[in-house]
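Shown next: target-v3.cif, containing mmCIF, C-alpha atoms.
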```cif
data_upload
#
loop_
_atom_site.label_atom_id
_atom_site.label_comp_id
_atom_site.auth_asym_id
_atom_site.auth_seq_id
_atom_site.Cartn_x
_atom_site.Cartn_y
_atom_site.Cartn_z
CA MET E 1220 -4.60 -14.11 2.51
CA MET E 1221 -7.51 -11.70 2.39
CA ALA E 1222 -10.21 -11.69 -0.28
CA THR E 1223 -11.94 -8.64 -1.72
CA ASN E 1224 -15.40 -8.37 -3.16
CA GLY E 1225 -14.50 -7.81 -6.85
CA LYS E 1226 -16.77 -4.76 -7.12
CA ASP E 1227 -15.81 -1.30 -8.24
CA SER E 1228 -16.15 1.79 -6.03
CA ARG E 1229 -19.85 2.02 -6.90
CA GLY E 1230 -20.41 -1.59 -5.83
CA LEU E 1231 -20.73 -2.84 -9.42
CA GLU E 1232 -18.97 -5.94 -10.69
CA ALA E 1233 -15.67 -4.85 -12.19
CA ASP E 1234 -12.82 -6.35 -14.18
CA VAL E 1235 -10.15 -5.06 -11.83
CA SER E 1236 -6.52 -5.54 -12.77
CA LEU E 1237 -3.72 -5.84 -10.24
CA ASN E 1238 -2.81 -2.20 -10.69
CA GLY E 1239 -6.25 -1.14 -9.46
CA SER E 1240 -7.63 0.18 -12.71
CA CYS E 1241 -10.59 -1.33 -14.52
CA ALA E 1242 -10.47 -3.01 -17.94
CA GLU E 1243 -6.78 -2.32 -18.54
CA PRO E 1244 -3.87 -4.75 -18.83
CA ALA E 1245 -2.91 -6.10 -15.43
CA THR E 1246 0.49 -5.05 -14.17
CA VAL E 1247 1.85 -5.29 -10.71
CA ASP E 1248 4.90 -3.10 -11.01
CA GLY E 1249 3.94 -0.25 -13.32
CA ALA E 1250 5.63 -1.90 -16.31
CA ALA E 1251 2.81 -1.00 -18.70
CA GLN E 1252 2.90 2.58 -17.43
CA GLU E 1253 6.67 2.78 -17.95
CA ALA E 1254 6.40 1.26 -21.41
CA GLN E 1255 3.72 3.74 -22.44
CA SER E 1256 5.36 6.85 -21.02
CA GLY E 1257 9.03 5.93 -21.40
CA PHE E 1258 11.09 4.97 -18.40
CA ARG E 1259 13.30 8.05 -18.49
CA GLY E 1260 12.11 11.60 -17.98
CA ALA E 1261 13.31 14.69 -19.82
CA GLU E 1262 16.25 15.02 -17.40
CA GLY E 1263 17.36 11.43 -18.10
CA ARG E 1264 16.35 10.30 -14.61
CA PRO E 1265 13.97 7.38 -14.16
CA ARG E 1266 10.37 8.54 -13.91
CA ARG E 1267 8.73 8.04 -10.56
CA PHE E 1268 6.18 5.29 -10.31
CA THR E 1269 2.65 6.58 -9.76
CA PHE E 1270 -0.47 4.88 -8.49
CA SER E 1271 -3.67 4.84 -10.48
CA PRO E 1272 -6.13 7.49 -9.24
CA GLU E 1273 -8.82 4.94 -8.39
CA PRO E 1274 -9.81 3.43 -6.15
CA SER E 1275 -9.34 6.14 -3.54
CA MET E 1276 -8.59 5.37 0.10
CA GLU E 1277 -12.27 6.01 0.85
CA ASP E 1278 -13.28 3.62 -1.95
CA ILE E 1279 -11.07 0.93 -0.42
CA ARG E 1280 -12.55 1.59 3.04
CA ARG E 1281 -16.08 1.35 1.67
CA MET E 1282 -15.40 -1.82 -0.35
CA GLN E 1283 -13.87 -3.55 2.67
CA ALA E 1284 -16.69 -2.40 4.97
CA GLU E 1285 -19.22 -3.89 2.53
CA PHE E 1286 -17.20 -7.09 2.28
CA THR E 1287 -17.05 -7.41 6.07
CA ASP E 1288 -20.74 -6.52 6.53
CA GLU E 1289 -21.85 -9.07 3.90
CA ARG E 1290 -20.12 -11.81 5.89
CA ASP E 1291 -21.09 -10.59 9.37
CA TRP E 1292 -17.40 -10.40 10.29
CA ASN E 1293 -17.47 -7.11 12.25
CA LYS E 1294 -17.47 -9.07 15.51
CA PHE E 1295 -14.05 -10.44 14.45
CA HIS E 1296 -12.72 -7.26 12.82
CA GLN E 1297 -11.91 -5.31 15.95
CA PRO E 1298 -8.73 -3.21 16.29
CA ARG E 1299 -6.54 -5.81 18.02
CA ASN E 1300 -7.51 -8.58 15.61
CA LEU E 1301 -7.03 -6.32 12.58
CA LEU E 1302 -3.60 -5.27 13.82
CA LEU E 1303 -2.50 -8.87 14.35
CA ALA E 1304 -3.87 -9.88 10.95
CA MET E 1305 -2.01 -6.98 9.32
CA VAL E 1306 1.24 -7.98 11.03
CA GLY E 1307 0.73 -11.50 9.69
CA GLU E 1308 0.32 -10.11 6.18
CA VAL E 1309 3.47 -7.98 6.60
CA GLY E 1310 5.22 -11.25 7.48
CA GLU E 1311 3.99 -12.72 4.20
CA VAL E 1312 5.45 -9.72 2.34
CA ALA E 1313 8.75 -10.19 4.19
CA GLU E 1314 8.77 -13.86 3.27
CA LEU E 1315 8.69 -12.93 -0.43
CA PHE E 1316 11.89 -10.89 0.04
CA GLN E 1317 13.61 -13.36 2.37
CA TRP E 1318 16.95 -14.69 1.12
CA LYS E 1319 16.95 -12.54 -2.03
CA GLY E 1320 19.65 -10.12 -0.88
CA GLU E 1321 19.30 -6.56 -2.11
CA VAL E 1322 16.39 -6.20 -4.52
CA ALA E 1323 16.54 -3.51 -7.21
CA GLU E 1324 13.74 -0.98 -7.54
CA GLY E 1325 11.12 -2.19 -9.97
CA LEU E 1326 11.99 -5.83 -9.14
CA PRO E 1327 13.62 -6.52 -12.53
CA ASP E 1328 14.76 -10.03 -11.53
CA TRP E 1329 11.36 -11.15 -10.23
CA THR E 1330 9.01 -13.39 -12.18
CA GLU E 1331 5.54 -12.16 -13.05
CA SER E 1332 4.17 -14.74 -10.61
CA ASP E 1333 6.36 -13.34 -7.79
CA ARG E 1334 5.21 -9.80 -8.63
CA GLU E 1335 1.58 -10.88 -8.60
CA GLN E 1336 2.03 -12.57 -5.22
CA LEU E 1337 3.65 -9.39 -3.86
CA ALA E 1338 0.71 -7.32 -5.17
CA HIS E 1339 -1.71 -9.64 -3.37
CA GLU E 1340 0.16 -9.49 -0.07
CA LEU E 1341 0.67 -5.70 -0.19
CA SER E 1342 -3.04 -5.35 -0.94
CA ASP E 1343 -3.85 -7.44 2.13
CA VAL E 1344 -1.65 -5.15 4.25
CA LEU E 1345 -3.32 -2.02 2.87
CA ILE E 1346 -6.83 -3.40 3.30
CA TYR E 1347 -6.17 -4.31 6.92
CA LEU E 1348 -4.49 -0.94 7.54
CA VAL E 1349 -7.45 0.97 6.12
CA GLU E 1350 -9.93 -1.10 8.12
CA LEU E 1351 -7.85 -0.67 11.29
CA ALA E 1352 -7.81 3.10 10.72
CA GLU E 1353 -11.59 3.04 10.23
CA LYS E 1354 -12.18 1.09 13.45
CA CYS E 1355 -9.87 3.47 15.35
CA ARG E 1356 -11.52 6.51 13.72
CA VAL E 1357 -8.26 7.74 12.17
CA ASP E 1358 -8.76 9.73 8.97
CA LEU E 1359 -5.71 8.23 7.32
CA PRO E 1360 -5.27 10.72 4.43
CA GLN E 1361 -5.43 13.65 6.86
CA ALA E 1362 -3.14 11.87 9.33
CA VAL E 1363 -0.61 11.37 6.52
CA LEU E 1364 -0.67 15.10 5.73
CA ARG E 1365 -0.03 15.96 9.37
CA LYS E 1366 2.73 13.35 9.68
CA MET E 1367 4.47 14.54 6.51
CA ALA E 1368 4.46 18.10 7.89
CA LEU E 1369 6.06 16.83 11.12
CA ASN E 1370 8.64 14.82 9.15
CA ARG E 1371 9.60 17.94 7.17
CA LEU E 1372 10.30 19.71 10.46
CA LYS E 1373 12.27 16.76 11.89
CA TYR E 1374 14.21 16.16 8.68
CA PRO E 1375 14.82 19.48 6.90
CA ALA E 1376 16.30 18.76 3.46
CA SER E 1377 19.04 21.31 3.99
CA LYS E 1378 20.26 19.40 7.05
CA VAL E 1379 19.72 15.75 6.13
CA HIS E 1380 20.26 15.59 2.37
CA GLY E 1381 21.96 12.30 1.49
CA SER E 1382 22.15 11.04 5.09
CA ALA E 1383 20.20 8.23 6.76
CA LYS E 1384 20.80 9.34 10.35
CA LYS E 1385 17.91 9.53 12.78
CA TYR E 1386 16.69 13.06 13.55
CA THR E 1387 18.10 12.87 17.09
CA GLU E 1388 21.62 12.52 15.66
CA TYR E 1389 21.60 15.83 13.77
CA LYS E 1390 23.28 18.85 15.26
CA ASP E 1391 22.06 22.43 14.69
#
```
Could you spell out this file's structure in structure tokens?
Amino acid sequence: MMATNGKDSRGLEADVSLNGSCAEPATVDGAAQEAQSGFRGAEGRPRRFTFSPEPSMEDIRRMQAEFTDERDWNKFHQPRNLLLAMVGEVGEVAELFQWKGEVAEGLPDWTESDREQLAHELSDVLIYLVELAEKCRVDLPQAVLRKMALNRLKYPASKVHGSAKKYTEYKD
């Protein structure tokens, strides 16, 4: 498991909850958000989960860079090592889901301890991903925008709605 430095985006000590916001009740699955806003929207559909606005991807990159610098770990945190560490963390996420069968969105049957462990492991994956992107000089937010544009071309809603086929299987 990976540790973080417990500081906010300005480098100040912070009481950070599992949902990434400061000085608020800790939740790992958006339960407090759903309770405050109501789980169902005006149309009767479940509301989409949303992330807290902070920390930003750049805040996470900066916090991890400081954490690594403070420990003189840059010699170990090279692209190959970061990739392998991230894959290991993905394995830890997979282990949490192993043997559970299908798991409902929102993880209603999970204990709070299981949810907290999942939050820790997903955080490890994200931290390694952001640091790997930094070391490879990939501006991840911009790369996501470009990739989403490509995905919209490969998977036009009018052609793929309700289907899980790969883009190469669709006929014009």
Using all atoms listed in the file, which protein or nucleic acid residues come within 10 Å of Cys1355 (chain E)? Drop anything in the same chain fewer than 4 positions from it, and give the result as a count of residues only. 5
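Counting all atoms listed in the file and comparing E:Glu1311, E:Asp1358, E:Glu1353, E:Asp1278, the residue that lies closest to Leu1341 (chain E) is E:Glu1311.
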Take CA of Gly1320 (chain E) and CA of Glu1308 (chain E) and report the distance between them in Å, one decimal.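 One can read the CA of Gly1320 (chain E) to CA of Glu1308 (chain E) distance as 20.6 Å.
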Using all atoms listed in the file: which of E:Lys1366, E:Lys1354, E:Lys1373, E:Lys1390 has the shortest distance to Leu1301 (chain E):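 Closest residue, counting all atoms listed in the file: E:Lys1354.
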Of the listed residues E:Phe1268, E:Asp1288, E:Arg1299, E:Glu1314, that which approaches Ala1352 (chain E) most closely, counting only C-alpha atoms: E:Arg1299
Separation of CA of Val1379 (chain E) from CA of Gly1325 (chain E) in Å: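 It comes out at 25.6 Å.
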One decimal, in Å: what's the spacing between CA of Met1276 (chain E) and CA of Pro1327 (chain E)? 28.2 Å
Given the file shown, enumerate the residues that the PyMOL selection byres ((chain E and resi 1315) around 12) captures and present them as a ChimeraX atom specification. /E:1308-1314,1316-1320,1322,1326,1329-1330,1332-1341
May I have the selected residues written with C-alpha atoms, as a compact mmCIF listing (two decimals), in the frame of the given file?
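again05.txt written:
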```
# COMPACT_ATOMS: atom_id res chain seq x y z
CA GLU E 1308 0.32 -10.11 6.18
CA VAL E 1309 3.47 -7.98 6.60
CA GLY E 1310 5.22 -11.25 7.48
CA GLU E 1311 3.99 -12.72 4.20
CA VAL E 1312 5.45 -9.72 2.34
CA ALA E 1313 8.75 -10.19 4.19
CA GLU E 1314 8.77 -13.86 3.27
CA PHE E 1316 11.89 -10.89 0.04
CA GLN E 1317 13.61 -13.36 2.37
CA TRP E 1318 16.95 -14.69 1.12
CA LYS E 1319 16.95 -12.54 -2.03
CA GLY E 1320 19.65 -10.12 -0.88
CA VAL E 1322 16.39 -6.20 -4.52
CA LEU E 1326 11.99 -5.83 -9.14
CA TRP E 1329 11.36 -11.15 -10.23
CA THR E 1330 9.01 -13.39 -12.18
CA SER E 1332 4.17 -14.74 -10.61
CA ASP E 1333 6.36 -13.34 -7.79
CA ARG E 1334 5.21 -9.80 -8.63
CA GLU E 1335 1.58 -10.88 -8.60
CA GLN E 1336 2.03 -12.57 -5.22
CA LEU E 1337 3.65 -9.39 -3.86
CA ALA E 1338 0.71 -7.32 -5.17
CA HIS E 1339 -1.71 -9.64 -3.37
CA GLU E 1340 0.16 -9.49 -0.07
CA LEU E 1341 0.67 -5.70 -0.19
```
Among listed residues E:Phe1286, E:Ile1279, E:Glu1388, E:Glu1324, nearest Pro1265 (chain E) (using only C-alpha atoms): E:Glu1324
Given only C-alpha atoms as the basis, pick out the residue of E:Arg1280, E:Ala1304, E:Pro1375, E:Pro1274 nearest to Val1357 (chain E).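 Residue with the minimum atom-to-atom distance to Val1357 (chain E): E:Arg1280.
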Using only C-alpha atoms for the distances, tell me which of E:Val1344, E:Ala1323, E:Leu1359, E:Met1282 is nearest to Leu1303 (chain E). E:Val1344
